[in-house]
>>> print(open('input.txt').read())   # compact mmCIF, C-alpha atoms
# COMPACT_ATOMS: atom_id res chain seq x y z
CA MET A 25 -44.89 46.27 -26.82
CA ALA A 26 -41.70 45.05 -25.14
CA GLU A 27 -41.25 41.30 -24.91
CA VAL A 28 -41.58 39.94 -21.39
CA GLU A 29 -38.34 38.47 -20.09
CA ARG A 30 -38.71 34.81 -19.19
CA PRO A 31 -36.56 32.59 -16.96
CA LYS A 32 -33.89 30.51 -18.67
CA TRP A 33 -34.30 27.39 -16.56
CA GLU A 34 -37.05 25.10 -15.37
CA VAL A 35 -38.28 26.46 -12.03
CA ASN A 36 -37.20 23.54 -9.83
CA ALA A 37 -33.76 23.38 -11.44
CA ALA A 38 -33.34 27.10 -10.75
CA MET A 39 -34.51 26.66 -7.16
CA ARG A 40 -32.08 23.81 -6.50
CA ALA A 41 -29.21 25.71 -8.10
CA GLY A 42 -30.01 28.85 -6.13
CA ILE A 43 -30.10 27.05 -2.81
CA LYS A 44 -26.91 25.08 -3.39
CA ILE A 45 -24.89 27.85 -5.03
CA GLY A 46 -26.09 30.22 -2.31
CA ALA A 47 -24.93 27.85 0.43
CA LEU A 48 -21.57 27.38 -1.28
CA ALA A 49 -21.17 31.14 -1.77
CA VAL A 50 -21.79 31.69 1.95
CA VAL A 51 -18.91 29.33 2.73
CA HIS A 52 -16.59 31.25 0.40
CA ARG A 53 -18.00 34.73 0.94
CA ALA A 54 -14.79 36.12 2.45
CA LEU A 55 -13.40 36.27 -1.09
CA LEU A 56 -16.64 36.63 -3.03
CA ASP A 57 -17.86 39.68 -1.06
CA LYS A 58 -14.93 41.59 -2.56
CA ARG A 59 -16.34 41.04 -6.06
CA VAL A 60 -20.12 41.00 -5.59
CA ALA A 61 -22.20 43.04 -3.15
CA PRO A 62 -23.03 41.08 0.03
CA ALA A 63 -26.70 41.63 -0.84
CA VAL A 64 -26.26 39.42 -3.92
CA ILE A 65 -25.34 36.35 -1.87
CA ASP A 66 -27.84 37.04 0.91
CA GLY A 67 -30.51 37.81 -1.67
CA LEU A 68 -29.88 34.55 -3.50
CA VAL A 69 -30.20 32.57 -0.27
CA ALA A 70 -33.42 34.38 0.70
CA ASP A 71 -35.01 34.29 -2.77
CA SER A 72 -34.21 30.61 -3.27
CA GLU A 73 -35.74 29.77 0.09
CA LYS A 74 -38.80 31.86 -0.80
CA LEU A 75 -39.21 29.96 -4.06
CA ARG A 76 -38.81 26.65 -2.24
CA GLU A 77 -41.46 27.60 0.31
CA ALA A 78 -43.82 28.62 -2.49
CA ASN A 79 -43.79 25.06 -3.74
CA THR A 80 -45.19 21.98 -2.08
CA GLY A 81 -44.35 18.38 -2.83
CA THR A 82 -40.91 17.56 -4.13
CA LEU A 83 -38.74 18.09 -7.11
CA GLY A 84 -39.17 14.96 -9.15
CA THR A 85 -36.70 12.25 -10.05
CA ARG A 86 -33.11 13.43 -10.05
CA THR A 87 -30.60 12.19 -12.61
CA GLU A 88 -27.53 13.13 -10.59
CA LYS A 89 -28.30 11.23 -7.39
CA GLU A 90 -24.67 10.63 -6.50
CA GLY A 91 -23.88 14.33 -6.71
CA ALA A 92 -26.94 15.17 -4.65
CA THR A 93 -25.91 12.72 -1.93
CA VAL A 94 -22.44 14.23 -1.67
CA THR A 95 -23.92 17.73 -1.43
CA GLN A 96 -26.38 16.61 1.21
CA ASP A 97 -23.70 14.83 3.24
CA ASP A 98 -21.46 17.89 3.12
CA ALA A 99 -24.31 20.18 4.11
CA ALA A 100 -25.23 17.89 7.01
CA LYS A 101 -21.65 17.75 8.30
CA LEU A 102 -21.02 21.48 7.95
CA GLY A 103 -24.45 22.48 9.17
CA GLY A 104 -24.21 20.15 12.15
CA ALA A 105 -20.76 21.45 13.04
CA LEU A 106 -22.02 25.03 12.81
CA ALA A 107 -24.99 24.30 15.05
CA MET A 108 -22.74 22.72 17.68
CA ALA A 109 -20.27 25.63 17.45
CA ILE A 110 -23.06 28.18 17.98
CA ARG A 111 -24.42 26.29 20.97
CA GLU A 112 -20.96 25.95 22.48
CA ALA A 113 -20.32 29.67 21.97
CA ALA A 114 -23.53 30.55 23.80
CA LYS A 115 -22.73 28.16 26.61
CA LYS A 116 -19.31 29.72 27.18
CA ALA A 117 -20.19 33.35 26.55
CA LEU A 118 -23.39 33.35 28.62
CA PRO A 119 -23.05 30.39 31.00
CA LYS A 120 -25.89 31.55 33.28
CA ASP A 121 -28.44 32.40 30.61
CA LYS A 122 -30.39 29.16 30.72
CA SER A 123 -33.34 30.59 28.79
CA LEU A 124 -31.09 31.36 25.83
CA HIS A 125 -29.49 27.94 26.13
CA LYS A 126 -32.92 26.35 25.91
CA LEU A 127 -33.87 28.45 22.87
CA LEU A 128 -30.69 27.48 21.05
CA GLY A 129 -30.86 23.85 22.09
CA VAL A 130 -27.68 23.83 24.17
CA GLY A 131 -27.11 20.31 25.49
CA LYS A 132 -29.02 18.60 22.71
CA LYS A 133 -27.14 16.13 20.55
CA VAL A 134 -26.74 16.80 16.84
CA ASP A 135 -26.33 13.69 14.71
CA THR A 136 -24.50 14.85 11.56
CA GLY A 137 -25.34 11.51 9.97
CA LYS A 138 -29.06 12.30 10.06
CA VAL A 139 -30.44 15.12 7.94
CA SER A 140 -33.49 15.51 10.19
CA SER A 141 -31.30 15.97 13.28
CA VAL A 142 -29.14 18.66 11.67
CA GLU A 143 -32.10 20.42 10.09
CA ALA A 144 -33.94 20.51 13.44
CA ALA A 145 -30.89 22.00 15.18
CA LEU A 146 -30.44 24.67 12.52
CA LYS A 147 -34.14 25.55 12.58
CA GLN A 148 -34.06 25.91 16.37
CA ILE A 149 -31.10 28.30 16.14
CA GLU A 150 -32.81 30.30 13.39
CA ASN A 151 -35.95 30.61 15.54
CA ALA A 152 -33.90 31.65 18.57
CA ASP A 153 -32.31 34.42 16.52
CA LYS A 154 -35.77 35.66 15.51
CA LYS A 155 -36.98 35.71 19.11
CA LYS A 156 -33.89 37.10 20.86
CA PRO A 157 -31.44 38.49 18.29
CA ALA A 158 -29.73 40.79 20.82
CA LYS A 159 -29.03 37.91 23.20
CA VAL A 160 -27.77 35.75 20.34
CA ARG A 161 -25.35 38.56 19.36
CA LEU A 162 -24.08 38.70 22.95
CA ALA A 163 -23.20 35.04 22.57
CA GLY A 164 -20.89 36.03 19.71
CA VAL A 165 -23.18 34.80 16.94
CA LEU A 166 -23.15 37.29 14.06
CA PRO A 167 -25.75 37.85 11.30
CA ASP A 168 -23.36 36.16 8.86
CA ASP A 169 -23.51 33.03 11.02
CA ILE A 170 -27.29 33.05 10.83
CA VAL A 171 -27.13 33.44 7.05
CA LYS A 172 -25.03 30.27 7.01
CA VAL A 173 -27.56 28.53 9.26
CA LYS A 174 -30.36 29.42 6.84
CA ALA A 175 -28.34 28.38 3.79
CA TYR A 176 -27.44 24.97 5.20
CA ARG A 177 -31.00 24.33 6.37
CA ALA A 178 -32.41 25.26 2.96
CA SER A 179 -29.87 23.05 1.23
CA LEU A 180 -30.78 20.10 3.45
CA SER A 181 -34.51 20.65 2.94
CA THR A 182 -34.12 20.62 -0.83
CA ALA A 183 -31.75 17.66 -0.89
CA ASP A 184 -34.18 15.70 1.26
CA THR A 185 -37.19 16.40 -0.95
CA GLU A 186 -35.30 15.62 -4.15
CA GLN A 187 -35.34 11.96 -3.22
CA GLU A 188 -39.12 11.68 -2.89
CA GLY A 189 -40.02 11.68 -6.60
CA LEU A 190 -43.33 13.55 -6.33
CA LYS A 191 -44.67 16.38 -8.45
CA VAL A 192 -44.54 20.03 -7.46
CA THR A 193 -47.50 22.32 -7.09
CA SER A 194 -47.02 26.07 -6.85
CA LYS A 195 -48.49 28.47 -4.28
CA MET A 196 -47.23 31.48 -6.24
CA SER A 197 -48.63 33.10 -9.36
CA THR A 198 -46.70 32.49 -12.57
CA ALA A 199 -45.79 36.17 -12.91
CA ASP A 200 -44.49 36.41 -9.32
CA ARG A 201 -42.64 33.13 -9.62
CA ASN A 202 -41.00 34.20 -12.89
CA ALA A 203 -39.94 37.53 -11.38
CA LEU A 204 -38.42 35.76 -8.38
CA GLN A 205 -36.70 33.22 -10.59
CA LEU A 206 -35.21 35.97 -12.75
CA GLU A 207 -33.68 37.48 -9.61
CA ILE A 208 -32.24 34.08 -8.69
CA GLU A 209 -30.80 33.52 -12.16
CA ALA A 210 -29.25 37.00 -12.21
CA ALA A 211 -27.63 36.45 -8.80
CA ILE A 212 -26.28 33.07 -9.90
CA GLY A 213 -24.76 34.68 -12.98
CA LYS A 214 -23.02 37.36 -10.90
CA ILE A 215 -21.69 34.82 -8.42
CA ILE A 216 -20.43 32.43 -11.11
CA GLY A 217 -18.66 35.32 -12.82
CA ALA A 218 -17.04 36.37 -9.55
CA VAL A 219 -16.02 32.78 -8.79
CA GLY A 220 -14.03 32.56 -12.02
CA LEU A 221 -11.88 35.50 -10.92
CA ALA A 222 -11.79 34.96 -7.15
CA PHE A 223 -10.62 31.36 -7.58
CA PHE A 224 -8.69 31.67 -10.83
CA GLY A 225 -6.31 28.72 -11.03
CA LYS A 226 -8.28 26.72 -8.43
CA LYS A 227 -10.16 24.37 -10.73
CA SER A 228 -11.68 22.21 -8.01
CA ILE A 229 -13.41 25.13 -6.28
CA ILE A 230 -14.66 26.61 -9.55
CA GLU A 231 -16.10 23.24 -10.55
CA GLN A 232 -17.95 22.97 -7.24
CA PHE A 233 -19.93 26.01 -8.35
CA THR A 234 -20.23 25.39 -12.09
CA SER A 235 -21.36 21.79 -11.60
CA LEU A 236 -24.49 23.18 -9.93
CA ILE A 237 -25.56 25.31 -12.92
CA PRO A 238 -28.76 23.87 -14.44
CA LYS A 239 -28.41 22.16 -17.80
CA LYS A 240 -31.92 20.93 -18.59
CA GLY A 241 -34.45 23.57 -19.52
CA ALA A 242 -31.80 26.23 -20.11
CA SER A 243 -32.10 28.45 -23.17
CA ALA A 244 -29.33 29.18 -25.62
CA GLU A 245 -28.23 31.93 -23.24
CA GLU A 246 -26.89 29.57 -20.61
CA VAL A 247 -24.62 30.83 -17.86
CA VAL A 248 -21.13 30.58 -19.28
CA THR A 249 -18.69 28.44 -17.36
CA PRO A 250 -15.74 30.67 -16.45
CA PRO A 251 -12.14 29.69 -17.29
CA THR A 252 -10.50 27.51 -14.66
CA GLY A 253 -7.03 28.93 -15.09
CA GLY A 254 -5.47 25.80 -16.49
CA GLU A 255 -5.79 22.09 -15.96
CA GLY A 256 -3.28 22.11 -13.14
CA GLY A 257 -5.36 24.39 -10.88
CA LYS A 258 -6.68 22.91 -7.66
>>> encode(input="input.txt", output="structure tokens")
Amino acid sequence: MAEVERPKWEVNAAMRAGIKIGALAVVHRALLDKRVAPAVIDGLVADSEKLREANTGTLGTRTEKEGATVTQDDAAKLGGALAMAIREAAKKALPKDKSLHKLLGVGKKVDTGKVSSVEAALKQIENADKKKPAKVRLAGVLPDDIVKVKAYRASLSTADTEQEGLKVTSKMSTADRNALQLEIEAAIGKIIGAVGLAFFGKKSIIEQFTSLIPKKGASAEEVVTPPTGGEGGK
């Protein structure tokens, strides 16, 4: 009987890594899409969000709080800027479509210093795209933009819950959760491998990705950190 493949990382570590690496990959997808299929990045974002939604509570005490804060701040700034850009695009492209403006939240303020404000704006845009995708496209908002919206919102949701310090309970069976986590780990491996080539010589970008790879709970077959192309790369 064949041995059942098991995830390498602790489930919450894999979930956090998937959400954050997915969000970062979306930002850099112009180069990464040339090396991994677009479905890999989109799948990682969707699967990580699915795993997050399957869990209630929060992710326990984090040992890298400073790093988490930076990631959250960046996600809030970028996510807030994206939300405002989408609303402005709709306002200019379809100035008379007040119903679409209302769905997207045109005119509402987005406070990039508050996670809840940015997350609410991104969620409203995501819901508007579900209700009226054709109208949202007419405003110049592409599916790739919505993928970014989802990635930033997921990243903010996870970063917010990481600070609570509560235990996690699962709404998914162990077998289903393991299967989903294996997909997440495989996608992370492909993206990390592509990053090493796409950004060869750019150490700072590579380290943004590799710093998110889980350490605790990993087996001996950890994802290998790709070469940075020399100490002088930036």
>>> residues_around(input="input.txt", residues="region 108-115 of chain A", least_positions_apart="6", cutoff="9 Å", atoms="only C-alpha atoms", output="PyMOL selection string")
chain A and resi 121-122+124-125+128-131+133-134+145+149+160+162-165+169
>>> residues_near_point(input="input.txt", point="(-32.7, 22.1, 13.7)", cutoff="10 Å", atoms="only C-alpha atoms", output="compact mmCIF listing (two decimals) with C-alpha atoms, keeping the file's coordinate frame")
# COMPACT_ATOMS: atom_id res chain seq x y z
CA GLY A 103 -24.45 22.48 9.17
CA GLY A 104 -24.21 20.15 12.15
CA ALA A 107 -24.99 24.30 15.05
CA LEU A 128 -30.69 27.48 21.05
CA GLY A 129 -30.86 23.85 22.09
CA VAL A 134 -26.74 16.80 16.84
CA VAL A 139 -30.44 15.12 7.94
CA SER A 140 -33.49 15.51 10.19
CA SER A 141 -31.30 15.97 13.28
CA VAL A 142 -29.14 18.66 11.67
CA GLU A 143 -32.10 20.42 10.09
CA ALA A 144 -33.94 20.51 13.44
CA ALA A 145 -30.89 22.00 15.18
CA LEU A 146 -30.44 24.67 12.52
CA LYS A 147 -34.14 25.55 12.58
CA GLN A 148 -34.06 25.91 16.37
CA ILE A 149 -31.10 28.30 16.14
CA GLU A 150 -32.81 30.30 13.39
CA ASN A 151 -35.95 30.61 15.54
CA VAL A 173 -27.56 28.53 9.26
CA ARG A 177 -31.00 24.33 6.37
>>> atom_distance(input="input.txt", atom1="CA of Asp71 (chain A)", atom2="CA of Gln96 (chain A)")
20.1 Å
>>> closest_residue(input="input.txt", among="A:Lys126, A:Lys138, A:Lys174, A:Lys32", to="Asp97 (chain A)", atoms="only C-alpha atoms")
A:Lys138
>>> residues_around(input="input.txt", residues="Ala178 (chain A)", least_positions_apart="3", cutoff="10 Å", atoms="all atoms listed in the file", output="JSON, numbers by chain")
{"A": [40, 43, 44, 46, 47, 69, 70, 72, 73, 74, 76, 77, 99, 143, 146, 147, 172, 173, 174, 175, 181, 182, 183, 184]}
>>> residues_around(input="input.txt", residues="region 208-219 of chain A", least_positions_apart="6", cutoff="6 Å", atoms="all atoms listed in the file", output="list in words")
Arg59, Val64 and Leu68 of chain A
>>> atom_distance(input="input.txt", atom1="CA of Ala199 (chain A)", atom2="CA of Glu34 (chain A)")
14.3 Å
>>> closest_residue(input="input.txt", among="A:Lys132, A:Lys155, A:Lys58, A:Arg30", to="Ala222 (chain A)", atoms="all atoms listed in the file")
A:Lys58
>>> closest_residue(input="input.txt", among="A:Leu106, A:Ala117, A:Leu206, A:Ala63", to="Val51 (chain A)", atoms="all atoms listed in the file")
A:Leu106
>>> closest_residue(input="input.txt", among="A:Lys156, A:Leu55, A:Gly67, A:Pro119", to="Phe224 (chain A)", atoms="all atoms listed in the file")
A:Leu55
>>> atom_distance(input="input.txt", atom1="CA of Ile170 (chain A)", atom2="CA of Asn36 (chain A)")
24.8 Å
>>> closest_residue(input="input.txt", among="A:Arg161, A:Gln205, A:Ala37, A:Gly225", to="Ile237 (chain A)", atoms="all atoms listed in the file")
A:Ala37
>>> build_atoms(input="input.txt", residues="region 145-165 of chain A", atoms="N, CA and C atoms", output="PDB file, keeping the file's coordinate frame")
ATOM      1  N   ALA A 145     -31.800  21.156  14.400  1.00  0.00           N
ATOM      2  CA  ALA A 145     -30.890  22.000  15.180  1.00  0.00           C
ATOM      3  C   ALA A 145     -30.745  23.376  14.543  1.00  0.00           C
ATOM      4  N   LEU A 146     -30.595  23.402  13.222  1.00  0.00           N
ATOM      5  CA  LEU A 146     -30.440  24.670  12.520  1.00  0.00           C
ATOM      6  C   LEU A 146     -31.722  25.509  12.605  1.00  0.00           C
ATOM      7  N   LYS A 147     -32.864  24.850  12.489  1.00  0.00           N
ATOM      8  CA  LYS A 147     -34.140  25.550  12.580  1.00  0.00           C
ATOM      9  C   LYS A 147     -34.334  26.148  13.966  1.00  0.00           C
ATOM     10  N   GLN A 148     -33.924  25.411  15.006  1.00  0.00           N
ATOM     11  CA  GLN A 148     -34.060  25.910  16.370  1.00  0.00           C
ATOM     12  C   GLN A 148     -33.201  27.156  16.591  1.00  0.00           C
ATOM     13  N   ILE A 149     -31.997  27.141  16.021  1.00  0.00           N
ATOM     14  CA  ILE A 149     -31.100  28.300  16.140  1.00  0.00           C
ATOM     15  C   ILE A 149     -31.669  29.491  15.375  1.00  0.00           C
ATOM     16  N   GLU A 150     -32.205  29.229  14.200  1.00  0.00           N
ATOM     17  CA  GLU A 150     -32.810  30.300  13.390  1.00  0.00           C
ATOM     18  C   GLU A 150     -33.983  30.925  14.144  1.00  0.00           C
ATOM     19  N   ASN A 151     -34.811  30.102  14.776  1.00  0.00           N
ATOM     20  CA  ASN A 151     -35.950  30.610  15.540  1.00  0.00           C
ATOM     21  C   ASN A 151     -35.501  31.409  16.758  1.00  0.00           C
ATOM     22  N   ALA A 152     -34.438  30.938  17.400  1.00  0.00           N
ATOM     23  CA  ALA A 152     -33.900  31.650  18.570  1.00  0.00           C
ATOM     24  C   ALA A 152     -33.417  33.039  18.166  1.00  0.00           C
ATOM     25  N   ASP A 153     -32.805  33.129  16.996  1.00  0.00           N
ATOM     26  CA  ASP A 153     -32.310  34.420  16.520  1.00  0.00           C
ATOM     27  C   ASP A 153     -33.470  35.371  16.221  1.00  0.00           C
ATOM     28  N   LYS A 154     -34.596  34.829  15.776  1.00  0.00           N
ATOM     29  CA  LYS A 154     -35.770  35.660  15.510  1.00  0.00           C
ATOM     30  C   LYS A 154     -36.373  36.190  16.810  1.00  0.00           C
ATOM     31  N   LYS A 155     -36.348  35.345  17.844  1.00  0.00           N
ATOM     32  CA  LYS A 155     -36.980  35.710  19.110  1.00  0.00           C
ATOM     33  C   LYS A 155     -36.100  36.637  19.960  1.00  0.00           C
ATOM     34  N   LYS A 156     -34.798  36.317  20.015  1.00  0.00           N
ATOM     35  CA  LYS A 156     -33.890  37.100  20.860  1.00  0.00           C
ATOM     36  C   LYS A 156     -32.582  37.404  20.135  1.00  0.00           C
ATOM     37  N   PRO A 157     -32.648  38.202  19.072  1.00  0.00           N
ATOM     38  CA  PRO A 157     -31.440  38.490  18.290  1.00  0.00           C
ATOM     39  C   PRO A 157     -30.338  39.182  19.101  1.00  0.00           C
ATOM     40  N   ALA A 158     -30.729  40.077  20.019  1.00  0.00           N
ATOM     41  CA  ALA A 158     -29.730  40.790  20.820  1.00  0.00           C
ATOM     42  C   ALA A 158     -28.962  39.828  21.719  1.00  0.00           C
ATOM     43  N   LYS A 159     -29.681  38.902  22.331  1.00  0.00           N
ATOM     44  CA  LYS A 159     -29.030  37.910  23.200  1.00  0.00           C
ATOM     45  C   LYS A 159     -28.115  37.004  22.390  1.00  0.00           C
ATOM     46  N   VAL A 160     -28.581  36.623  21.200  1.00  0.00           N
ATOM     47  CA  VAL A 160     -27.770  35.750  20.340  1.00  0.00           C
ATOM     48  C   VAL A 160     -26.481  36.470  19.938  1.00  0.00           C
ATOM     49  N   ARG A 161     -26.555  37.788  19.704  1.00  0.00           N
ATOM     50  CA  ARG A 161     -25.350  38.560  19.360  1.00  0.00           C
ATOM     51  C   ARG A 161     -24.379  38.580  20.535  1.00  0.00           C
ATOM     52  N   LEU A 162     -24.934  38.692  21.757  1.00  0.00           N
ATOM     53  CA  LEU A 162     -24.080  38.700  22.950  1.00  0.00           C
ATOM     54  C   LEU A 162     -23.324  37.388  23.106  1.00  0.00           C
ATOM     55  N   ALA A 163     -23.862  36.345  22.524  1.00  0.00           N
ATOM     56  CA  ALA A 163     -23.200  35.040  22.570  1.00  0.00           C
ATOM     57  C   ALA A 163     -22.089  34.949  21.516  1.00  0.00           C
ATOM     58  N   GLY A 164     -21.937  36.020  20.723  1.00  0.00           N
ATOM     59  CA  GLY A 164     -20.890  36.030  19.710  1.00  0.00           C
ATOM     60  C   GLY A 164     -21.331  35.510  18.361  1.00  0.00           C
ATOM     61  N   VAL A 165     -22.625  35.298  18.206  1.00  0.00           N
ATOM     62  CA  VAL A 165     -23.180  34.800  16.940  1.00  0.00           C
ATOM     63  C   VAL A 165     -23.580  35.988  16.078  1.00  0.00           C
TER      64      VAL A 165
END
